[in-house]
$ cat input30.cif   # mmCIF, C-alpha atoms
data_query
loop_
_atom_site.label_atom_id
_atom_site.label_comp_id
_atom_site.auth_asym_id
_atom_site.auth_seq_id
_atom_site.Cartn_x
_atom_site.Cartn_y
_atom_site.Cartn_z
CA MET A 1 149.61 -63.72 98.26
CA ILE A 2 145.79 -63.93 98.02
CA PHE A 3 145.47 -62.66 101.62
CA LEU A 4 147.75 -59.72 100.78
CA GLU A 5 145.64 -58.83 97.73
CA CYS A 6 142.46 -58.84 99.82
CA PHE A 7 144.08 -56.67 102.52
CA VAL A 8 145.31 -54.07 100.04
CA SER A 9 141.97 -54.04 98.18
CA LEU A 10 140.09 -53.45 101.43
CA HIS A 11 142.31 -50.80 102.99
CA PHE A 12 143.90 -49.14 99.94
CA PRO A 13 141.27 -49.27 97.14
CA ALA A 14 143.06 -46.57 95.11
CA LEU A 15 146.03 -48.91 94.65
CA LYS A 16 143.73 -51.58 93.23
CA SER A 17 142.97 -49.36 90.22
CA SER A 18 146.65 -48.72 89.47
CA PRO A 19 147.85 -50.21 86.13
CA HIS A 20 150.80 -51.73 88.02
CA PHE A 21 148.74 -53.02 90.95
CA SER A 22 149.73 -56.67 90.52
CA GLU A 23 153.41 -55.75 90.20
CA ARG A 24 153.38 -53.54 93.32
CA LEU A 25 151.55 -56.31 95.18
CA TRP A 26 154.23 -58.76 94.09
CA ASP A 27 156.95 -56.39 95.36
CA LEU A 28 155.26 -56.27 98.76
CA TRP A 29 155.13 -60.06 98.88
CA CYS A 30 158.81 -60.36 97.92
CA ILE A 31 159.87 -58.03 100.72
CA ALA A 32 157.52 -59.51 103.31
CA SER A 33 158.48 -63.09 102.53
CA ILE A 34 162.27 -62.41 102.57
CA ILE A 35 162.75 -65.38 100.22
CA GLY A 36 161.49 -63.19 97.38
CA ILE A 37 164.24 -60.60 97.79
CA TRP A 38 166.80 -62.57 95.74
CA PRO A 39 164.68 -63.23 92.61
CA ARG A 40 163.04 -59.80 92.63
CA PHE A 41 165.84 -57.42 93.62
CA ILE A 42 169.16 -59.23 93.13
CA GLU A 43 169.21 -61.84 90.35
CA PRO A 44 167.56 -59.59 87.70
CA HIS A 45 170.56 -57.24 88.10
CA LEU A 46 173.21 -59.90 87.62
CA LEU A 47 174.79 -60.07 84.18
CA ILE A 48 176.40 -63.36 83.18
CA THR A 49 178.48 -63.91 80.05
CA SER A 50 178.25 -67.44 78.69
CA HIS A 51 181.00 -68.74 76.38
CA HIS A 52 180.59 -71.29 73.59
CA THR A 53 183.06 -72.68 71.06
CA LEU A 54 181.30 -74.29 68.11
CA PRO A 55 182.88 -76.16 65.17
CA ILE A 56 181.40 -75.34 61.76
CA ALA A 57 182.98 -77.37 58.96
CA THR A 58 182.08 -74.93 56.16
CA LEU A 59 183.47 -71.88 57.95
CA PRO A 60 185.88 -69.98 55.68
CA ARG A 61 189.48 -70.06 56.84
CA GLU A 62 189.46 -66.27 57.24
CA PHE A 63 186.62 -66.59 59.78
CA ASP A 64 188.28 -69.21 61.97
CA HIS A 65 187.72 -68.13 65.59
CA LEU A 66 185.02 -65.66 64.57
CA ASN A 67 183.65 -63.92 67.66
CA VAL A 68 179.85 -63.51 67.67
CA VAL A 69 177.96 -61.89 70.57
CA GLN A 70 174.23 -62.34 71.06
CA ILE A 71 172.02 -60.18 73.28
CA SER A 72 168.26 -60.45 73.54
CA ASP A 73 165.06 -59.43 75.35
CA LEU A 74 166.07 -56.12 76.86
CA HIS A 75 162.41 -55.18 77.52
CA ASP A 76 162.44 -51.41 77.87
CA SER A 77 160.15 -50.43 80.75
CA SER A 78 160.02 -48.28 83.87
CA TYR A 79 162.33 -50.85 85.49
CA LEU A 80 165.17 -50.35 83.00
CA THR A 81 168.01 -48.11 84.22
CA THR A 82 170.84 -46.37 82.39
CA HIS A 83 173.24 -47.98 84.87
CA PHE A 84 172.21 -51.44 83.71
CA LEU A 85 172.52 -50.38 80.06
CA ARG A 86 176.05 -49.10 80.70
CA ARG A 87 176.99 -52.42 82.32
CA ILE A 88 175.75 -54.30 79.24
CA THR A 89 177.75 -52.01 76.95
CA LYS A 90 180.90 -52.47 79.01
CA GLN A 91 180.66 -56.27 79.04
CA VAL A 92 179.76 -56.61 75.36
CA ASN A 93 182.54 -54.28 74.18
CA ALA A 94 185.06 -56.03 76.44
CA LEU A 95 184.45 -59.21 74.40
CA ASN A 96 185.72 -57.47 71.21
CA PRO A 97 183.00 -59.00 69.03
CA ASP A 98 183.37 -59.37 65.27
CA LEU A 99 179.58 -59.49 64.95
CA ILE A 100 176.72 -58.46 67.29
CA VAL A 101 173.15 -59.73 67.02
CA PHE A 102 170.03 -58.77 68.96
CA THR A 103 167.27 -61.39 68.86
CA GLY A 104 164.14 -59.41 69.66
CA ASP A 105 162.02 -57.78 72.37
CA LEU A 106 163.72 -54.44 72.77
CA LEU A 107 160.36 -53.17 74.04
CA SER A 108 157.68 -54.25 76.50
CA TYR A 109 154.05 -54.39 75.34
CA SER A 110 154.89 -52.53 72.09
CA GLU A 111 155.67 -49.37 74.06
CA MET A 112 158.90 -47.34 73.91
CA GLU A 113 159.51 -45.59 77.24
CA HIS A 114 163.16 -44.51 76.96
CA GLN A 115 163.80 -43.75 73.30
CA GLU A 116 166.91 -41.64 73.76
CA ALA A 117 168.41 -43.98 76.35
CA LEU A 118 167.87 -46.90 73.96
CA ARG A 119 169.41 -44.93 71.11
CA ALA A 120 172.48 -44.16 73.23
CA PHE A 121 172.75 -47.80 74.30
CA LEU A 122 172.50 -49.24 70.79
CA SER A 123 174.89 -46.62 69.42
CA SER A 124 177.47 -47.62 72.05
CA LEU A 125 177.78 -51.10 70.49
CA SER A 126 179.81 -51.78 67.36
CA ALA A 127 181.50 -54.65 65.55
CA PRO A 128 183.63 -54.86 62.37
CA LEU A 129 181.17 -57.16 60.54
CA GLY A 130 178.13 -55.23 61.72
CA CYS A 131 175.28 -55.22 64.22
CA PHE A 132 171.97 -56.88 63.33
CA ALA A 133 168.56 -57.02 64.99
CA ILE A 134 165.20 -58.73 64.61
CA PHE A 135 161.78 -58.07 66.15
CA GLY A 136 160.18 -60.06 68.98
CA ASN A 137 156.54 -60.42 69.98
CA HIS A 138 156.72 -57.23 72.09
CA ASP A 139 158.14 -55.15 69.20
CA TYR A 140 155.27 -54.95 66.72
CA LYS A 141 152.45 -52.40 66.66
CA GLU A 142 150.42 -54.66 68.96
CA TYR A 143 151.67 -56.93 71.73
CA VAL A 144 151.03 -60.61 71.03
CA SER A 145 151.52 -63.66 73.22
CA LEU A 146 150.51 -67.28 73.70
CA GLY A 147 146.88 -67.76 74.74
CA GLU A 148 145.54 -70.32 77.17
CA ASP A 149 144.36 -72.45 74.25
CA GLY A 150 147.78 -72.48 72.56
CA SER A 151 146.86 -69.89 69.91
CA TYR A 152 148.63 -66.59 69.37
CA ARG A 153 146.61 -63.64 70.62
CA ILE A 154 146.71 -59.83 70.76
CA MET A 155 146.83 -58.92 74.44
CA GLN A 156 145.16 -55.67 75.44
CA GLU A 157 145.79 -56.31 79.13
CA HIS A 158 149.48 -55.78 79.81
CA VAL A 159 150.16 -58.35 82.50
CA PRO A 160 153.62 -59.98 82.60
CA PRO A 161 153.57 -63.71 81.66
CA LEU A 162 155.21 -64.36 85.04
CA LEU A 163 152.24 -62.96 86.95
CA LYS A 164 149.75 -64.60 84.59
CA GLY A 165 151.41 -67.92 85.30
CA PHE A 166 151.17 -67.50 89.05
CA HIS A 167 147.55 -66.41 88.61
CA ARG A 168 146.85 -69.72 86.87
CA LEU A 169 148.48 -71.60 89.74
CA PHE A 170 146.47 -69.98 92.52
CA SER A 171 143.21 -68.87 90.93
CA SER A 172 140.41 -70.64 89.11
CA LYS A 173 139.56 -67.46 87.18
CA LYS A 174 141.03 -67.46 83.68
CA PRO A 175 143.09 -64.40 82.65
CA GLU A 176 142.16 -62.22 79.69
CA GLN A 177 142.58 -64.08 76.41
CA GLY A 178 142.65 -61.28 73.86
CA ARG A 179 141.63 -61.77 70.27
CA GLU A 180 143.33 -64.32 68.06
CA VAL A 181 145.94 -63.09 65.58
CA GLU A 182 144.36 -63.52 62.15
CA GLU A 183 146.50 -61.19 60.03
CA PRO A 184 150.20 -60.27 60.28
CA ILE A 185 150.82 -57.57 62.88
CA PRO A 186 152.60 -54.58 61.26
CA ILE A 187 156.11 -53.67 62.34
CA GLN A 188 156.74 -50.44 64.23
CA ASP A 189 158.48 -48.08 61.85
CA SER A 190 159.63 -45.95 64.78
CA LEU A 191 161.46 -48.95 66.27
CA LYS A 192 163.00 -49.91 62.93
CA ASN A 193 164.20 -46.31 62.54
CA LEU A 194 165.62 -46.35 66.07
CA PHE A 195 167.66 -49.47 65.35
CA GLU A 196 168.94 -48.24 62.01
CA SER A 197 169.81 -44.74 63.25
CA SER A 198 171.83 -46.44 66.01
CA GLY A 199 173.97 -48.61 63.75
CA PHE A 200 171.88 -51.80 63.77
CA ARG A 201 170.47 -53.29 60.59
CA VAL A 202 167.01 -54.83 61.00
CA LEU A 203 166.60 -58.17 59.23
CA HIS A 204 162.89 -58.86 58.81
CA ASN A 205 162.55 -62.02 56.69
CA GLU A 206 165.79 -61.15 54.96
CA THR A 207 169.32 -62.50 54.42
CA VAL A 208 172.52 -60.51 54.01
CA GLN A 209 176.10 -61.64 53.55
CA VAL A 210 178.95 -60.24 55.59
CA GLY A 211 182.58 -60.46 54.54
CA SER A 212 183.89 -60.45 50.98
CA GLY A 213 185.14 -62.72 48.22
CA THR A 214 185.41 -66.33 49.35
CA ALA A 215 185.18 -65.34 53.02
CA ARG A 216 181.50 -64.68 53.58
CA LEU A 217 178.78 -65.56 56.04
CA ASN A 218 175.00 -65.51 55.64
CA ILE A 219 172.98 -63.72 58.34
CA THR A 220 169.27 -64.54 58.10
CA GLY A 221 166.67 -62.75 60.21
CA LEU A 222 163.06 -63.90 60.65
CA GLY A 223 159.92 -62.04 61.66
CA ASP A 224 158.17 -63.23 64.80
CA ILE A 225 155.98 -66.31 64.64
CA MET A 226 153.44 -64.99 67.17
CA ALA A 227 152.88 -61.88 65.06
CA LYS A 228 152.30 -64.05 61.96
CA GLN A 229 155.43 -62.51 60.46
CA CYS A 230 157.65 -65.62 60.27
CA LEU A 231 158.21 -66.12 56.52
CA PRO A 232 161.14 -68.50 56.00
CA PHE A 233 160.59 -68.89 52.25
CA GLU A 234 161.14 -65.15 51.88
CA ALA A 235 163.87 -64.92 54.52
CA PHE A 236 166.11 -67.64 53.07
CA ALA A 237 165.65 -66.67 49.42
CA ARG A 238 169.06 -64.97 49.18
CA VAL A 239 171.10 -67.48 51.18
CA ASP A 240 174.31 -68.49 49.41
CA ARG A 241 174.69 -72.17 50.30
CA LYS A 242 178.44 -72.07 49.68
CA PHE A 243 178.81 -70.25 52.99
CA PRO A 244 177.66 -70.99 56.55
CA THR A 245 174.48 -69.37 57.86
CA ILE A 246 173.59 -67.81 61.20
CA VAL A 247 169.81 -67.65 61.67
CA LEU A 248 168.12 -65.15 63.99
CA SER A 249 164.60 -65.90 65.19
CA HIS A 250 163.04 -64.62 68.39
CA ASN A 251 160.87 -67.58 69.42
CA PRO A 252 162.34 -71.13 69.45
CA ASP A 253 158.85 -72.45 68.62
CA SER A 254 159.60 -71.24 65.08
CA TYR A 255 162.34 -73.83 64.61
CA PRO A 256 160.16 -76.59 63.04
CA PHE A 257 159.35 -74.14 60.24
CA LEU A 258 163.02 -73.26 59.79
CA ALA A 259 164.37 -76.82 59.92
CA PRO A 260 164.08 -77.50 56.14
CA TYR A 261 166.26 -74.48 55.37
CA PRO A 262 170.05 -74.06 55.53
CA GLY A 263 171.51 -72.99 58.84
CA ASP A 264 174.49 -73.80 61.02
CA LEU A 265 173.73 -71.74 64.12
CA PHE A 266 170.17 -70.74 65.08
CA LEU A 267 169.96 -68.03 67.73
CA PHE A 268 166.76 -67.49 69.72
CA GLY A 269 165.56 -65.50 72.74
CA HIS A 270 162.02 -65.11 74.11
CA THR A 271 162.01 -67.70 76.92
CA HIS A 272 164.09 -65.80 79.51
CA GLY A 273 165.52 -69.22 80.29
CA GLY A 274 162.28 -70.17 82.02
CA GLN A 275 162.67 -67.05 84.23
CA VAL A 276 161.62 -68.91 87.42
CA ASN A 277 163.37 -72.26 87.23
CA LEU A 278 161.38 -74.13 89.82
CA PRO A 279 159.75 -77.49 88.96
CA TYR A 280 156.35 -77.15 87.28
CA ILE A 281 156.25 -73.37 87.81
CA TRP A 282 158.50 -72.38 84.87
CA GLU A 283 156.28 -74.33 82.46
CA LYS A 284 153.25 -72.35 83.61
CA ILE A 285 154.85 -68.93 83.18
CA THR A 286 156.87 -69.40 79.98
CA PRO A 287 154.88 -68.70 76.76
CA LEU A 288 156.50 -71.59 74.88
CA LYS A 289 154.99 -74.66 73.21
CA ASN A 290 158.14 -76.80 72.90
CA LYS A 291 159.36 -77.00 76.49
CA LYS A 292 162.58 -78.76 75.38
CA LEU A 293 163.81 -75.46 73.98
CA LYS A 294 163.86 -73.48 77.23
CA SER A 295 167.49 -72.34 77.29
CA GLY A 296 171.07 -73.12 76.42
CA LEU A 297 172.84 -74.85 73.56
CA VAL A 298 171.13 -77.70 71.75
CA ALA A 299 172.95 -79.87 69.20
CA MET A 300 170.36 -81.04 66.70
CA ASN A 301 171.08 -83.00 63.52
CA GLU A 302 174.53 -81.50 62.86
CA ARG A 303 173.47 -77.94 63.60
CA PHE A 304 173.37 -75.79 66.71
CA LEU A 305 170.46 -74.01 68.38
CA TYR A 306 170.98 -71.55 71.18
CA ILE A 307 168.22 -70.11 73.38
CA ASN A 308 169.42 -66.99 75.17
CA ARG A 309 168.03 -66.12 78.64
CA GLY A 310 167.85 -62.46 77.68
CA LEU A 311 168.77 -59.30 79.56
CA GLY A 312 165.50 -58.09 81.03
CA ALA A 313 161.83 -58.87 81.45
CA SER A 314 158.57 -56.93 81.39
CA PHE A 315 158.59 -57.56 85.16
CA PRO A 316 162.07 -58.19 86.65
CA PHE A 317 161.83 -61.43 88.61
CA ARG A 318 164.30 -64.25 87.95
CA TRP A 319 165.13 -67.43 89.80
CA PHE A 320 168.06 -69.52 88.53
CA ALA A 321 167.89 -67.72 85.17
CA PRO A 322 170.19 -64.68 85.44
CA PRO A 323 170.44 -62.16 82.57
CA GLU A 324 172.81 -63.30 79.85
CA ILE A 325 175.21 -62.12 77.20
CA ALA A 326 176.20 -65.04 74.96
CA GLN A 327 179.58 -65.21 73.20
CA PHE A 328 180.16 -67.71 70.39
CA THR A 329 183.59 -68.53 69.00
CA LEU A 330 183.12 -70.23 65.62
CA VAL A 331 185.94 -72.54 64.57
CA ARG A 332 186.58 -74.75 61.55
CA SER A 333 187.16 -77.86 63.65
CA GLY A 334 187.50 -79.02 67.24
CA PRO A 335 185.34 -80.03 70.19
CA ILE A 336 182.17 -78.31 71.35
CA ARG A 337 182.75 -76.23 74.45
CA SER A 338 179.80 -74.56 76.13
CA SER A 339 178.58 -73.22 79.44
CA TYR A 340 175.10 -74.61 78.76
CA TYR A 341 175.12 -77.65 76.47
CA PHE A 342 172.19 -80.02 75.99
CA PRO A 343 173.01 -82.67 73.31
CA LEU A 344 169.42 -83.49 72.41
CA LEU A 345 168.47 -85.40 69.31
CA VAL A 346 165.01 -84.27 68.32
CA GLU A 347 163.36 -85.83 65.31
CA GLU A 348 162.41 -83.20 62.79
CA GLN A 349 159.05 -83.62 61.09
CA PRO A 350 158.48 -82.22 57.57
CA LYS A 351 156.91 -78.78 57.78
CA PRO A 352 155.43 -76.36 55.22
CA GLU A 353 157.86 -73.94 53.63
CA VAL A 354 156.00 -70.89 54.95
CA ALA A 355 154.94 -70.57 58.56
CA PHE A 356 151.93 -68.42 57.73
#
$ encode --input "input30.cif" --output "C-alpha cells"
Amino acid sequence: MIFLECFVSLHFPALKSSPHFSERLWDLWCIASIIGIWPRFIEPHLLITSHHTLPIATLPREFDHLNVVQISDLHDSSYLTTHFLRRITKQVNALNPDLIVFTGDLLSYSEMEHQEALRAFLSSLSAPLGCFAIFGNHDYKEYVSLGEDGSYRIMQEHVPPLLKGFHRLFSSKKPEQGREVEEPIPIQDSLKNLFESSGFRVLHNETVQVGSGTARLNITGLGDIMAKQCLPFEAFARVDRKFPTIVLSHNPDSYPFLAPYPGDLFLFGHTHGGQVNLPYIWEKITPLKNKKLKSGLVAMNERFLYINRGLGASFPFRWFAPPEIAQFTLVRSGPIRSSYYFPLLVEEQPKPEVAF
C-alpha cells in the first residue's frame, strides 16, 4: 500500500491533490491484490435482514407480536446508488413493519449529495404506527468523530474512519485531530425538513407515544453524544412508565448515560458492526470507546440493546459485516430468538442524569 502511494505520487502528482486520493488509492490496491475485491466491491452491496424475537413483559396485549424494523447509517455519498436504495425499500416493505426507525447517519461528513433521491427513498417507507428518525455524528452542521485522545472532535479533514485506522496501523504520522467539541453542534434544519417532508418524525431528545388508550408504546430519541447533543434528562421527561419504551440513540457509547432511565429495547447504529472484522484491525478503525458494544443483540440487566451494522459507510469497504436491516418481533412472553445474540452481563455504574 505504501509502495503504491509513492508510485502514484511520483508518476501521477495531479491525483495526489484529489480530495478522494486515498479512496482511489485504496480501490487500486483492492483490485491489484484480488483479495480486496470481496470487501470493496461485493460485501458492501449485500443486504442482510436479521430477525429477532424479544419478550417484553409490560407489552400491551394489543401489541403482542409487534413488528419493528430498524435501519441505520445509510451515509449518502457519491457511492450511494438509486438501485441500492430501491433494494432497501423492497426488503423493508416486504417485512410489513408496524413501526420503522432510523438510528442516524443519513449523511456523510454533514453533506447532502442526493437530496431528491433521499426524499424519494424515505417517502417510499411507511408503517401504521409511524416512521421515526434520529441524528448521528455525520448529520449535524459539522462532522464530529472520536479523536486519537478519546475526545470528541470536529473533523475538517473528511477521511473515512476505515482509512484513518489503516493509516494508524502502517504510519507513524498522526492523522488530523480537529478541534475538540466544546459546545453542542447545531442540527441541520435542512435535514430535519427532509425527514419530516418524507413522512419521518425526528426525535431529538424527545419522547412520543404511539398507539391509543391502554395500548401505547414510548418511543424516545436522543441527540448524538459526539455532538454534545445527548440530553437524556430532557429526552425521557415525557416517558409514561406504564408502557414499554423503545430508545433510539446513534452511538452505543451513550448507553451508560441512558442506563438510569426507563427502556426495554435500546437501538443503536454507528459502529457498522466493526466494518472490517479482522482481529485487532476492527478496533483500530471503529470510533467506539466500549468495544463490547460492536454489533448484535446484548441482553443487559433485563433489557435489550441492539447495535445495527448499518446500510452504508462513508467509504464502502466491509469484511464480515454486511449491510443490515434488523427486524424485531416484540412478544409478551417466550424465549429470546436472535440472529446475533450476545448474552453479556455488564455492570452498570451510576452516571449523571445529563450527558453534557
$ residues_around --input "input30.cif" --residues "region 209-218 of chain A" --least-positions-apart "5" --cutoff "12 Å" --atoms "all atoms listed in the file" --output "JSON list (two decimals) with C-alpha atoms, in the coordinates of the input"
[["chain", "number", "residue", "atom", "x", "y", "z"],
["A", 56, "ILE", "CA", 181.40, -75.34, 61.76],
["A", 58, "THR", "CA", 182.08, -74.93, 56.16],
["A", 59, "LEU", "CA", 183.47, -71.88, 57.95],
["A", 60, "PRO", "CA", 185.88, -69.98, 55.68],
["A", 61, "ARG", "CA", 189.48, -70.06, 56.84],
["A", 62, "GLU", "CA", 189.46, -66.27, 57.24],
["A", 63, "PHE", "CA", 186.62, -66.59, 59.78],
["A", 64, "ASP", "CA", 188.28, -69.21, 61.97],
["A", 66, "LEU", "CA", 185.02, -65.66, 64.57],
["A", 68, "VAL", "CA", 179.85, -63.51, 67.67],
["A", 98, "ASP", "CA", 183.37, -59.37, 65.27],
["A", 99, "LEU", "CA", 179.58, -59.49, 64.95],
["A", 127, "ALA", "CA", 181.50, -54.65, 65.55],
["A", 128, "PRO", "CA", 183.63, -54.86, 62.37],
["A", 129, "LEU", "CA", 181.17, -57.16, 60.54],
["A", 130, "GLY", "CA", 178.13, -55.23, 61.72],
["A", 131, "CYS", "CA", 175.28, -55.22, 64.22],
["A", 132, "PHE", "CA", 171.97, -56.88, 63.33],
["A", 203, "LEU", "CA", 166.60, -58.17, 59.23],
["A", 235, "ALA", "CA", 163.87, -64.92, 54.52],
["A", 236, "PHE", "CA", 166.11, -67.64, 53.07],
["A", 237, "ALA", "CA", 165.65, -66.67, 49.42],
["A", 238, "ARG", "CA", 169.06, -64.97, 49.18],
["A", 239, "VAL", "CA", 171.10, -67.48, 51.18],
["A", 240, "ASP", "CA", 174.31, -68.49, 49.41],
["A", 241, "ARG", "CA", 174.69, -72.17, 50.30],
["A", 242, "LYS", "CA", 178.44, -72.07, 49.68],
["A", 243, "PHE", "CA", 178.81, -70.25, 52.99],
["A", 244, "PRO", "CA", 177.66, -70.99, 56.55],
["A", 245, "THR", "CA", 174.48, -69.37, 57.86],
["A", 246, "ILE", "CA", 173.59, -67.81, 61.20],
["A", 247, "VAL", "CA", 169.81, -67.65, 61.67],
["A", 248, "LEU", "CA", 168.12, -65.15, 63.99],
["A", 262, "PRO", "CA", 170.05, -74.06, 55.53],
["A", 263, "GLY", "CA", 171.51, -72.99, 58.84],
["A", 264, "ASP", "CA", 174.49, -73.80, 61.02],
["A", 265, "LEU", "CA", 173.73, -71.74, 64.12],
["A", 266, "PHE", "CA", 170.17, -70.74, 65.08],
["A", 330, "LEU", "CA", 183.12, -70.23, 65.62]]
$ closest_residue --input "input30.cif" --among "A:Arg337, A:His250, A:Arg179, A:Lys294" --to "Glu157 (chain A)" --atoms "all atoms listed in the file"
A:Arg179
$ closest_residue --input "input30.cif" --among "A:Pro232, A:Gly178, A:Gly274, A:Pro39" --to "Ile154 (chain A)" --atoms "all atoms listed in the file"
A:Gly178
$ closest_residue --input "input30.cif" --among "A:Val331, A:Ile134, A:Leu311, A:Leu297" --to "Leu47 (chain A)" --atoms "only C-alpha atoms"
A:Leu311
$ atom_distance --input "input30.cif" --atom1 "CA of Ala94 (chain A)" --atom2 "CA of His52 (chain A)"
16.2 Å
$ closest_atom_pairs --input "input30.cif" --of "region 49-132 of chain A" --to "region 141-150 of chain A" --cutoff "10 Å" --atoms "only C-alpha atoms" --output "CSV"
residue,atom,partner,partner_atom,distance
A:Leu107,CA,A:Tyr143,CA,9.7
A:Ser108,CA,A:Tyr143,CA,8.1
A:Tyr109,CA,A:Tyr143,CA,5.0
A:Ser110,CA,A:Tyr143,CA,5.5
A:Glu111,CA,A:Lys141,CA,8.6
$ resolve_selection --input "input30.cif" --expression "the PyMOL selection byres ((chain A and resi 116) around 12)" --output "ChimeraX atom specification"
/A:76,82,112-115,117-123,191,194-195,197-198
$ atom_distance --input "input30.cif" --atom1 "CA of Asn137 (chain A)" --atom2 "CA of Leu278 (chain A)"
24.6 Å
$ atom_distance --input "input30.cif" --atom1 "CA of Glu182 (chain A)" --atom2 "CA of Ser77 (chain A)"
27.7 Å
$ resolve_selection --input "input30.cif" --expression "the PyMOL selection byres ((chain A and resi 302) around 12)" --output "number ranges by chain"
A: 54-57, 259, 262-266, 298-301, 303-305, 336, 343-346
$ axis_aligned_box --input "input30.cif" --around "region 323-335 of chain A" --padding-each-side "8 Å" --output "lines of an AutoDock Vina configuration file"
center_x = 179.0
center_y = -71.1
center_z = 72.1
size_x = 33.1
size_y = 33.9
size_z = 37.0
$ closest_residue --input "input30.cif" --among "A:Tyr280, A:Thr81, A:Val92, A:Leu74" --to "Gln327 (chain A)" --atoms "all atoms listed in the file"
A:Val92
